[in-house]
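The data block below is final_25.cif; it holds mmCIF, C-alpha atoms.
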```cif
data_query
loop_
_atom_site.label_atom_id
_atom_site.label_comp_id
_atom_site.auth_asym_id
_atom_site.auth_seq_id
_atom_site.Cartn_x
_atom_site.Cartn_y
_atom_site.Cartn_z
CA MET H 18 9.24 7.97 -23.91
CA ILE H 19 6.24 7.77 -21.56
CA PHE H 20 5.93 11.56 -21.69
CA LEU H 21 5.67 11.60 -25.48
CA THR H 22 3.15 8.74 -25.33
CA LEU H 23 1.05 10.64 -22.78
CA PHE H 24 1.16 13.80 -24.89
CA LEU H 25 0.24 12.03 -28.14
CA THR H 26 -2.49 9.92 -26.52
CA PHE H 27 -4.23 12.89 -24.94
CA PHE H 28 -3.66 15.02 -28.04
CA LYS H 29 -5.49 12.33 -30.04
CA ILE H 30 -8.30 12.32 -27.47
CA GLY H 31 -8.49 16.12 -27.49
CA ILE H 32 -8.56 16.46 -31.27
CA SER H 33 -11.07 13.70 -31.96
CA THR H 34 -13.66 14.36 -29.24
CA PHE H 35 -16.63 16.66 -29.65
CA GLY H 36 -19.17 17.40 -26.94
CA GLY H 37 -17.05 18.05 -23.88
CA GLY H 38 -15.61 15.94 -21.12
CA TYR H 39 -18.35 13.33 -20.83
CA ALA H 40 -18.00 12.47 -24.51
CA MET H 41 -14.27 11.89 -23.89
CA ILE H 42 -14.80 9.19 -21.27
CA PRO H 43 -15.06 6.22 -23.70
CA MET H 44 -11.87 7.27 -25.51
CA ILE H 45 -10.00 7.96 -22.27
CA GLN H 46 -11.14 4.61 -20.94
CA ALA H 47 -10.02 2.74 -24.06
CA GLU H 48 -6.63 4.46 -24.19
CA VAL H 49 -5.81 4.26 -20.48
CA LEU H 50 -6.80 0.59 -20.21
CA SER H 51 -5.06 -0.42 -23.46
CA HIS H 52 -1.81 1.17 -22.27
CA GLY H 53 -2.20 -0.51 -18.87
CA TRP H 54 -1.78 2.79 -17.04
CA MET H 55 -4.44 1.90 -14.46
CA THR H 56 -7.29 -0.50 -13.80
CA GLN H 57 -10.94 0.13 -14.64
CA GLU H 58 -11.75 0.71 -10.95
CA GLU H 59 -8.89 3.20 -10.55
CA LEU H 60 -10.06 5.05 -13.65
CA ILE H 61 -13.63 5.23 -12.31
CA ASN H 62 -12.25 6.73 -9.09
CA PHE H 63 -10.26 9.29 -11.09
CA ILE H 64 -13.39 10.16 -13.09
CA ALA H 65 -15.30 10.74 -9.84
CA VAL H 66 -12.52 12.94 -8.47
CA SER H 67 -12.25 14.83 -11.78
CA GLU H 68 -15.95 15.60 -11.68
CA SER H 69 -15.83 16.62 -8.02
CA THR H 70 -12.94 19.07 -8.31
CA PRO H 71 -13.06 22.54 -9.86
CA GLY H 72 -12.04 22.97 -13.47
CA PRO H 73 -12.81 21.35 -16.81
CA PHE H 74 -13.23 17.58 -16.72
CA ALA H 75 -10.76 16.93 -19.57
CA VAL H 76 -8.01 18.93 -17.86
CA ASN H 77 -8.63 17.24 -14.51
CA ILE H 78 -8.70 13.66 -15.80
CA SER H 79 -5.66 14.14 -18.05
CA THR H 80 -3.74 15.69 -15.16
CA TYR H 81 -4.65 12.80 -12.84
CA VAL H 82 -3.74 10.13 -15.39
CA GLY H 83 -0.50 11.92 -16.25
CA THR H 84 0.45 12.23 -12.58
CA GLN H 85 -0.34 8.57 -11.93
CA THR H 86 1.70 7.50 -14.94
CA GLY H 87 4.63 9.91 -15.08
CA GLY H 88 4.54 12.19 -12.05
CA LEU H 89 4.56 15.96 -12.51
CA PRO H 90 6.16 15.88 -16.01
CA GLY H 91 3.56 13.29 -17.04
CA ALA H 92 0.77 15.54 -15.76
CA VAL H 93 2.13 18.47 -17.78
CA CYS H 94 2.46 16.39 -20.97
CA ALA H 95 -1.01 14.84 -20.70
CA THR H 96 -2.70 18.12 -19.84
CA PHE H 97 -0.90 20.02 -22.60
CA GLY H 98 -1.84 17.24 -25.03
CA VAL H 99 -5.56 17.38 -24.27
CA VAL H 100 -5.74 21.21 -24.24
CA LEU H 101 -3.66 22.00 -27.33
CA PRO H 102 -6.17 20.78 -29.98
CA SER H 103 -9.01 22.82 -28.48
CA PHE H 104 -6.77 25.87 -28.23
CA LEU H 105 -5.73 25.60 -31.88
CA ILE H 106 -9.28 24.96 -33.09
CA ILE H 107 -10.64 27.93 -31.11
CA LEU H 108 -7.94 30.16 -32.63
CA LEU H 109 -8.99 29.01 -36.10
CA VAL H 110 -12.71 29.40 -35.38
CA ALA H 111 -12.20 32.85 -33.84
CA ARG H 112 -10.48 34.05 -37.02
CA CYS H 113 -13.30 32.76 -39.22
CA PHE H 114 -16.25 33.02 -36.82
CA LEU H 115 -18.67 34.95 -38.99
CA ARG H 116 -18.09 32.74 -42.01
CA PHE H 117 -18.40 29.55 -39.90
CA ARG H 118 -21.53 30.78 -38.12
CA SER H 119 -23.51 31.23 -41.33
CA SER H 120 -22.17 28.11 -43.10
CA ARG H 121 -24.81 25.48 -43.87
CA LEU H 122 -22.08 22.83 -43.96
CA VAL H 123 -20.91 23.62 -40.42
CA SER H 124 -24.50 23.75 -39.18
CA ALA H 125 -25.23 20.37 -40.77
CA ALA H 126 -22.07 18.87 -39.26
CA MET H 127 -23.11 20.09 -35.79
CA ASP H 128 -26.57 18.59 -36.28
CA GLY H 129 -24.90 15.26 -37.05
CA LEU H 130 -22.51 15.46 -34.11
CA ARG H 131 -25.20 16.01 -31.45
CA PRO H 132 -26.65 12.46 -31.55
CA ALA H 133 -23.15 10.96 -31.62
CA VAL H 134 -22.20 12.94 -28.52
CA VAL H 135 -25.33 11.71 -26.73
CA GLY H 136 -24.36 8.15 -27.70
CA LEU H 137 -20.82 8.60 -26.36
CA ILE H 138 -22.13 9.98 -23.07
CA ALA H 139 -24.62 7.10 -22.77
CA SER H 140 -21.83 4.61 -23.50
CA ALA H 141 -19.70 6.14 -20.77
CA ALA H 142 -22.61 6.03 -18.31
CA VAL H 143 -23.23 2.32 -19.00
CA SER H 144 -19.54 1.49 -18.71
CA ILE H 145 -19.18 3.35 -15.42
CA ALA H 146 -22.40 1.82 -14.06
CA GLN H 147 -21.12 -1.69 -14.83
CA THR H 148 -18.04 -1.02 -12.73
CA VAL H 149 -19.71 0.86 -9.88
CA PHE H 150 -22.75 -1.42 -9.61
CA PRO H 151 -21.41 -4.93 -10.31
CA LEU H 152 -24.36 -7.31 -10.33
CA ALA H 153 -22.51 -10.43 -11.47
CA GLY H 154 -21.72 -12.87 -8.71
CA ILE H 155 -24.11 -11.41 -6.17
CA GLY H 156 -25.47 -14.25 -4.08
CA GLY H 157 -29.16 -13.46 -4.13
CA PHE H 158 -31.40 -10.51 -3.43
CA ALA H 159 -30.53 -10.19 0.26
CA ALA H 160 -26.80 -10.08 -0.50
CA PHE H 161 -27.35 -7.23 -2.96
CA PHE H 162 -29.07 -5.07 -0.34
CA SER H 163 -26.10 -5.49 2.02
CA SER H 164 -23.48 -4.88 -0.69
CA GLU H 165 -21.49 -1.75 -1.59
CA ALA H 166 -23.27 -1.69 -4.95
CA PHE H 167 -26.61 -1.16 -3.21
CA PHE H 168 -25.28 1.74 -1.14
CA ALA H 169 -23.69 3.29 -4.24
CA LEU H 170 -27.00 2.96 -6.08
CA LEU H 171 -28.84 4.47 -3.10
CA ILE H 172 -26.46 7.46 -2.93
CA PHE H 173 -26.89 7.94 -6.69
CA ALA H 174 -30.70 7.83 -6.48
CA VAL H 175 -30.91 10.23 -3.53
CA SER H 176 -28.44 12.62 -5.22
CA ALA H 177 -30.44 12.57 -8.46
CA VAL H 178 -33.69 13.30 -6.61
CA LEU H 179 -32.12 16.16 -4.64
CA ILE H 180 -30.57 17.78 -7.73
CA PHE H 181 -33.23 17.23 -10.40
CA TRP H 182 -36.49 17.27 -8.46
CA LYS H 183 -35.72 19.24 -5.30
CA LYS H 184 -33.49 21.66 -7.28
CA LEU H 185 -30.69 21.68 -4.71
CA HIS H 186 -27.35 23.05 -5.84
CA PRO H 187 -25.01 20.19 -6.90
CA ILE H 188 -22.04 21.29 -4.77
CA PRO H 189 -23.57 20.48 -1.34
CA VAL H 190 -25.04 17.26 -2.75
CA ILE H 191 -21.60 16.19 -4.06
CA ALA H 192 -19.99 17.10 -0.74
CA ALA H 193 -22.64 15.18 1.22
CA ALA H 194 -22.28 12.16 -1.07
CA ALA H 195 -18.49 12.19 -0.57
CA VAL H 196 -18.86 12.38 3.22
CA LEU H 197 -21.43 9.58 3.18
CA GLY H 198 -19.19 7.44 0.98
CA ILE H 199 -16.23 7.97 3.31
CA ALA H 200 -18.40 7.13 6.33
CA LEU H 201 -19.69 3.94 4.70
CA CYS H 202 -16.15 2.84 3.77
CA CYS H 203 -14.94 3.51 7.33
CA LEU H 204 -17.88 1.55 8.73
CA ARG H 205 -17.17 -1.32 6.33
CA ASP H 206 -13.51 -1.38 7.36
CA LEU H 207 -14.43 -1.30 11.08
CA LEU H 208 -16.83 -4.19 10.61
CA ALA H 209 -14.21 -6.14 8.66
CA VAL H 210 -11.59 -5.64 11.41
CA SER H 211 -13.97 -6.50 14.25
CA GLY H 212 -15.61 -9.40 12.44
#
```
Would you mind writing the file out in structure tokens?
Amino acid sequence: MIFLTLFLTFFKIGISTFGGGYAMIPMIQAEVLSHGWMTQEELINFIAVSESTPGPFAVNISTYVGTQTGGLPGAVCATFGVVLPSFLIILLVARCFLRFRSSRLVSAAMDGLRPAVVGLIASAAVSIAQTVFPLAGIGGFAAFFSSEAFFALLIFAVSAVLIFWKKLHPIPVIAAAAVLGIALCCLRDLLAVSG
């Protein structure tokens, strides 16, 4: 039963999402949390891993959620579910490409979808930021600067500067951020054990 649920859930996500993987995040988040398949923090970690590994985001995240929920058969069902709608739509579009390309109705629909996709991506960014940078309950300014949220925000800011302003390739920046995150977690654990 879980396999059918995984397939149908990710099929629904795949068929109703326009704009790529980032636009899927709010729907994936709603579905995964409503089914109780994982916590918000676990999902954020899966999103980070999905973005850091090769391949399309939707395939990666559906595979991870499927594996977490139903093992290898769950991964297959979730991945097949999210890919099938796009595959079918591309087959349809490929058959009618010239007619679709010149259609004013299709062009108008795409013009309407663009702002909605930007809104979905912004919604996902805010939701992820609220989990990664929790500001509630921080005991003052000094506590924030010694918290994990501060270091996460610092890694984010440095990564953004290196990629957007210094024009470094994202792959070494992602790798360096992962190594730095691992080092900070190890240091935190060492300090917790010794203190």
| From H:Val143, H:Pro43, H:Thr86, H:Glu68, residue lying nearest Ile188 (chain H) [only C-alpha atoms] | H:Glu68
| So which residues touch Phe63 (chain H) within 9 Å, counting all atoms listed in the file, skipping near sequence neighbours fewer than 2 positions away, as number ranges by chain? | H: 58-61, 65-68, 77-78, 81-82
| field | Between CA of Ile145 (chain H) and CA of Asn62 (chain H), distance in Å (one decimal) | value | 10.0 Å
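Selection result for the displayed file, with the PyMOL selection byres ((chain H and resi 140) around 12) as criterion, is Tyr39, Ala40, Met41, Ile42, Pro43, Met44, Gln46, Ala47, Ala133, Val134, Val135, Gly136, Leu137, Ile138, Ala139, Ala141, Ala142, Val143, Ser144, Ile145, Ala146 and Gln147 of chain H.
Coordinates place CA of Leu101 (chain H) at a distance of 24.0 Å from CA of Ser124 (chain H).
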| query | Which residues fall under the PyMOL selection byres ((chain H and resi 93) around 10) in this file, as a PyMOL selection string? | reply | chain H and resi 20+23-24+79-80+83-84+87-92+94-98
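You can rank H:Phe104, H:Trp182, H:Phe35, H:Trp54 by their closest distance to Gln85 (chain H) using all atoms listed in the file, and at the top of that list sits H:Trp54.
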| Which distance in Å separates CA of Lys183 (chain H) and CA of Thr70 (chain H), to one decimal? | 23.0 Å
